[in-house]
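Since the structure comes first, as structure tokens, the remarks are kept for the end.
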Amino acid sequence: MKLSTHKKIAIAILAVTAITGIFVIAAALIFPATDQGGLGLTRRLAVVRVEGVITDAGWHTGILREHLNNRNIAGVLLRIDSPGGAVAPSQEIYNEIAAYKASGKPLIVSMGNTAASGGYYIAAPAERIFASPGTLTGSIGVIFSLPMYQELAKKVGIDFRVLKAGEMKDVGSAFRPMTDSEKAALQTLLDDVHEQFINDVAAGRQVDTSEVRSIANGMIFTGKQAFEIGLVDTLGGYADALRYLGEICGVPESVKPVEKKPYVGWREWFMESAQRRVPGLETVARPAGLYYLFVP
């Protein structure tokens, strides 16, 4: 008895469906689903590093958003080795990390040698903060450094004529002394940004602002001291933090974490190399502005 074309097609579809079902069941048995959903075969951890002075948030916010939306990334370990940096980029990274807490996807911080000022600021909203006993952290404060070239300009015979509309338009000029009213105005600016720092740390750590304000005088702490006053949660290194993240995400230690590195152009490479070799160059080259930055 010959089968009609329609029956042959129907049988072929049933056969393909049955075979697909068998593969799905086998995969589920071999690679059971994690508590975050998806097969254990594809679930991995991701490592994101924040190193050096924070001057731009573009790459970090992009990669953090990518991992947040990737269902195959079970959790993120943020490794921070930074003295902080510019205020606005630090705030942008802080907001991306806070989004992890709101979503329920774990993001754990591991502090390296230094995670101070803006380095601590971006860590505050993480689910858990690990620091080594000798890590330098804290430094909850704001700094606004302005170079002064007035005496140098006089020596080389340079003079500046400034025409302005608005008394404060050239506030912070490097070629004349600062007036008392300018100092007062800048101090008001600094106090406002300092208060933002305090409030954001309190929100991230879920503590009262008075607790943060009591230690927000710009002082740095060792990891051990920070643990004792509640700025960090656990004393431990990178491996400890990665192991903890794997445990809460259900990812075995044998599964290598994902780590993407930003592209570094020759200008960035040259400046980074020069700053390592010439003490104080980073301070001179840093643009004027507000910084959550630990400056030894």
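If you're wondering about the labels, chains in the structure tokens are A, B, ... by order shown, residues count from 1 in each chain, ligands from 1 in order shown.
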Neighbouring residues of stretch 67-81 of chain A were defined as those with any atom within 7 Å, considering only C-alpha atoms; residues of the same chain fewer than 4 positions away were excluded. Please report them as a list in words.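 Neighbouring residues, sequence-local ones excluded: Gln36, Thr42, Arg43, Arg44, Leu45, Ala46, Val47, Val48, Arg49, Val50, Glu51, Gly52, Ile63, Tyr100, Lys105, Pro106, Leu107, Ile108, Val109, Ser110, Met111, Gly112, Asn113, Thr114, Ala115, Gly119, Leu242, Leu245 and Cys249 of chain A.
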Atoms to include: N, CA and C atoms. Write the selected residues as a PDB file, in the first residue's frame.
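So result-v6.pdb came out as:
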```pdb
ATOM      1  N   GLN A  36      18.985  29.677  37.925  1.00  0.00           N
ATOM      2  CA  GLN A  36      18.742  30.914  37.200  1.00  0.00           C
ATOM      3  C   GLN A  36      18.044  30.656  35.868  1.00  0.00           C
ATOM      4  N   THR A  42      25.704  26.076  29.257  1.00  0.00           N
ATOM      5  CA  THR A  42      25.970  27.412  28.736  1.00  0.00           C
ATOM      6  C   THR A  42      26.053  28.478  29.822  1.00  0.00           C
ATOM      7  N   ARG A  43      25.700  28.149  31.042  1.00  0.00           N
ATOM      8  CA  ARG A  43      25.705  29.140  32.111  1.00  0.00           C
ATOM      9  C   ARG A  43      27.129  29.367  32.591  1.00  0.00           C
ATOM     10  N   ARG A  44      27.575  30.632  32.553  1.00  0.00           N
ATOM     11  CA  ARG A  44      28.934  30.949  32.968  1.00  0.00           C
ATOM     12  C   ARG A  44      28.935  32.227  33.791  1.00  0.00           C
ATOM     13  N   LEU A  45      30.046  32.453  34.474  1.00  0.00           N
ATOM     14  CA  LEU A  45      30.264  33.706  35.189  1.00  0.00           C
ATOM     15  C   LEU A  45      31.034  34.659  34.274  1.00  0.00           C
ATOM     16  N   ALA A  46      30.956  35.945  34.574  1.00  0.00           N
ATOM     17  CA  ALA A  46      31.710  36.935  33.818  1.00  0.00           C
ATOM     18  C   ALA A  46      32.543  37.765  34.778  1.00  0.00           C
ATOM     19  N   VAL A  47      33.733  38.133  34.334  1.00  0.00           N
ATOM     20  CA  VAL A  47      34.619  38.991  35.116  1.00  0.00           C
ATOM     21  C   VAL A  47      34.776  40.316  34.363  1.00  0.00           C
ATOM     22  N   VAL A  48      34.559  41.417  35.079  1.00  0.00           N
ATOM     23  CA  VAL A  48      34.761  42.755  34.516  1.00  0.00           C
ATOM     24  C   VAL A  48      35.748  43.486  35.419  1.00  0.00           C
ATOM     25  N   ARG A  49      36.775  44.075  34.828  1.00  0.00           N
ATOM     26  CA  ARG A  49      37.813  44.747  35.615  1.00  0.00           C
ATOM     27  C   ARG A  49      37.725  46.269  35.456  1.00  0.00           C
ATOM     28  N   VAL A  50      37.830  46.958  36.593  1.00  0.00           N
ATOM     29  CA  VAL A  50      37.948  48.415  36.596  1.00  0.00           C
ATOM     30  C   VAL A  50      39.325  48.718  37.169  1.00  0.00           C
ATOM     31  N   GLU A  51      40.226  49.185  36.312  1.00  0.00           N
ATOM     32  CA  GLU A  51      41.612  49.405  36.719  1.00  0.00           C
ATOM     33  C   GLU A  51      42.047  50.821  36.383  1.00  0.00           C
ATOM     34  N   GLY A  52      42.832  51.426  37.266  1.00  0.00           N
ATOM     35  CA  GLY A  52      43.338  52.766  37.027  1.00  0.00           C
ATOM     36  C   GLY A  52      42.288  53.830  37.295  1.00  0.00           C
ATOM     37  N   ILE A  63      29.635  46.886  28.705  1.00  0.00           N
ATOM     38  CA  ILE A  63      29.851  45.460  28.974  1.00  0.00           C
ATOM     39  C   ILE A  63      28.978  44.987  30.138  1.00  0.00           C
ATOM     40  N   TYR A 100      21.877  45.698  38.510  1.00  0.00           N
ATOM     41  CA  TYR A 100      22.000  44.265  38.802  1.00  0.00           C
ATOM     42  C   TYR A 100      21.210  43.911  40.063  1.00  0.00           C
ATOM     43  N   LYS A 105      20.095  39.644  39.375  1.00  0.00           N
ATOM     44  CA  LYS A 105      21.285  38.924  38.913  1.00  0.00           C
ATOM     45  C   LYS A 105      22.462  39.301  39.814  1.00  0.00           C
ATOM     46  N   PRO A 106      23.176  38.308  40.371  1.00  0.00           N
ATOM     47  CA  PRO A 106      24.260  38.618  41.313  1.00  0.00           C
ATOM     48  C   PRO A 106      25.424  39.358  40.670  1.00  0.00           C
ATOM     49  N   LEU A 107      25.901  40.378  41.357  1.00  0.00           N
ATOM     50  CA  LEU A 107      27.144  41.063  41.001  1.00  0.00           C
ATOM     51  C   LEU A 107      27.937  41.231  42.288  1.00  0.00           C
ATOM     52  N   ILE A 108      29.106  40.619  42.313  1.00  0.00           N
ATOM     53  CA  ILE A 108      29.980  40.615  43.487  1.00  0.00           C
ATOM     54  C   ILE A 108      31.219  41.442  43.183  1.00  0.00           C
ATOM     55  N   VAL A 109      31.709  42.190  44.162  1.00  0.00           N
ATOM     56  CA  VAL A 109      32.921  42.993  43.984  1.00  0.00           C
ATOM     57  C   VAL A 109      34.095  42.329  44.698  1.00  0.00           C
ATOM     58  N   SER A 110      35.217  42.295  44.000  1.00  0.00           N
ATOM     59  CA  SER A 110      36.486  41.883  44.602  1.00  0.00           C
ATOM     60  C   SER A 110      37.431  43.067  44.491  1.00  0.00           C
ATOM     61  N   MET A 111      37.893  43.573  45.633  1.00  0.00           N
ATOM     62  CA  MET A 111      38.803  44.715  45.639  1.00  0.00           C
ATOM     63  C   MET A 111      40.246  44.245  45.568  1.00  0.00           C
ATOM     64  N   GLY A 112      41.019  44.904  44.721  1.00  0.00           N
ATOM     65  CA  GLY A 112      42.433  44.581  44.593  1.00  0.00           C
ATOM     66  C   GLY A 112      43.264  45.392  45.566  1.00  0.00           C
ATOM     67  N   ASN A 113      44.390  45.918  45.099  1.00  0.00           N
ATOM     68  CA  ASN A 113      45.272  46.689  45.964  1.00  0.00           C
ATOM     69  C   ASN A 113      44.609  47.969  46.458  1.00  0.00           C
ATOM     70  N   THR A 114      43.868  48.639  45.560  1.00  0.00           N
ATOM     71  CA  THR A 114      43.211  49.903  45.895  1.00  0.00           C
ATOM     72  C   THR A 114      41.811  49.936  45.301  1.00  0.00           C
ATOM     73  N   ALA A 115      40.846  50.292  46.117  1.00  0.00           N
ATOM     74  CA  ALA A 115      39.474  50.526  45.640  1.00  0.00           C
ATOM     75  C   ALA A 115      38.938  51.663  46.499  1.00  0.00           C
ATOM     76  N   GLY A 119      36.508  54.333  43.436  1.00  0.00           N
ATOM     77  CA  GLY A 119      36.643  52.880  43.417  1.00  0.00           C
ATOM     78  C   GLY A 119      35.746  52.219  44.443  1.00  0.00           C
ATOM     79  N   LEU A 242      35.335  34.775  43.524  1.00  0.00           N
ATOM     80  CA  LEU A 242      34.873  34.017  42.364  1.00  0.00           C
ATOM     81  C   LEU A 242      34.233  32.698  42.797  1.00  0.00           C
ATOM     82  N   LEU A 245      30.774  33.489  44.208  1.00  0.00           N
ATOM     83  CA  LEU A 245      29.828  33.804  43.145  1.00  0.00           C
ATOM     84  C   LEU A 245      29.381  32.531  42.433  1.00  0.00           C
ATOM     85  N   CYS A 249      25.502  31.037  42.218  1.00  0.00           N
ATOM     86  CA  CYS A 249      24.933  30.975  40.871  1.00  0.00           C
ATOM     87  C   CYS A 249      24.807  29.545  40.346  1.00  0.00           C
TER      88      CYS A 249
END
```
Hey, what does DSSP flag as strand (DSSP E) within stretch 46-276 of chain A? Can you give it to me as a PyMOL selection string? chain A and resi 46-51+73-82+84-86+107-116+128-131+136-138+143-144+220-222+234-235+258-259
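Picture a line from atom CA of A:Ile140 to atom CA of A:Lys260; it runs 29.6 Å.
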To one decimal in Å, tell me the separation between atom CA of A:Gly84 and atom CA of A:Ala124.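 Taking atom CA of A:Gly84 and atom CA of A:Ala124, their separation equals 12.8 Å.
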Between A:Gly204, A:Pro287, A:Pro177, A:Gly134, which residue has the minimum interatomic distance to A:Leu231, considering only C-alpha atoms?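 Distance minimum relative to A:Leu231 lands on A:Gly204.
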Write out as a ChimeraX atom specification which residues come within 7 Å of A:Glu96 when counting only C-alpha atoms, dropping same-chain ones fewer than 5 positions away. /A:61,64-65
For the helix (DSSP H, G or I) assignment from backbone DSSP, which residues of stretch 104-242 of chain A qualify? Please present them as a ChimeraX atom specification. /A:118-121,150-155,180-205,209-213,223-228,238-242
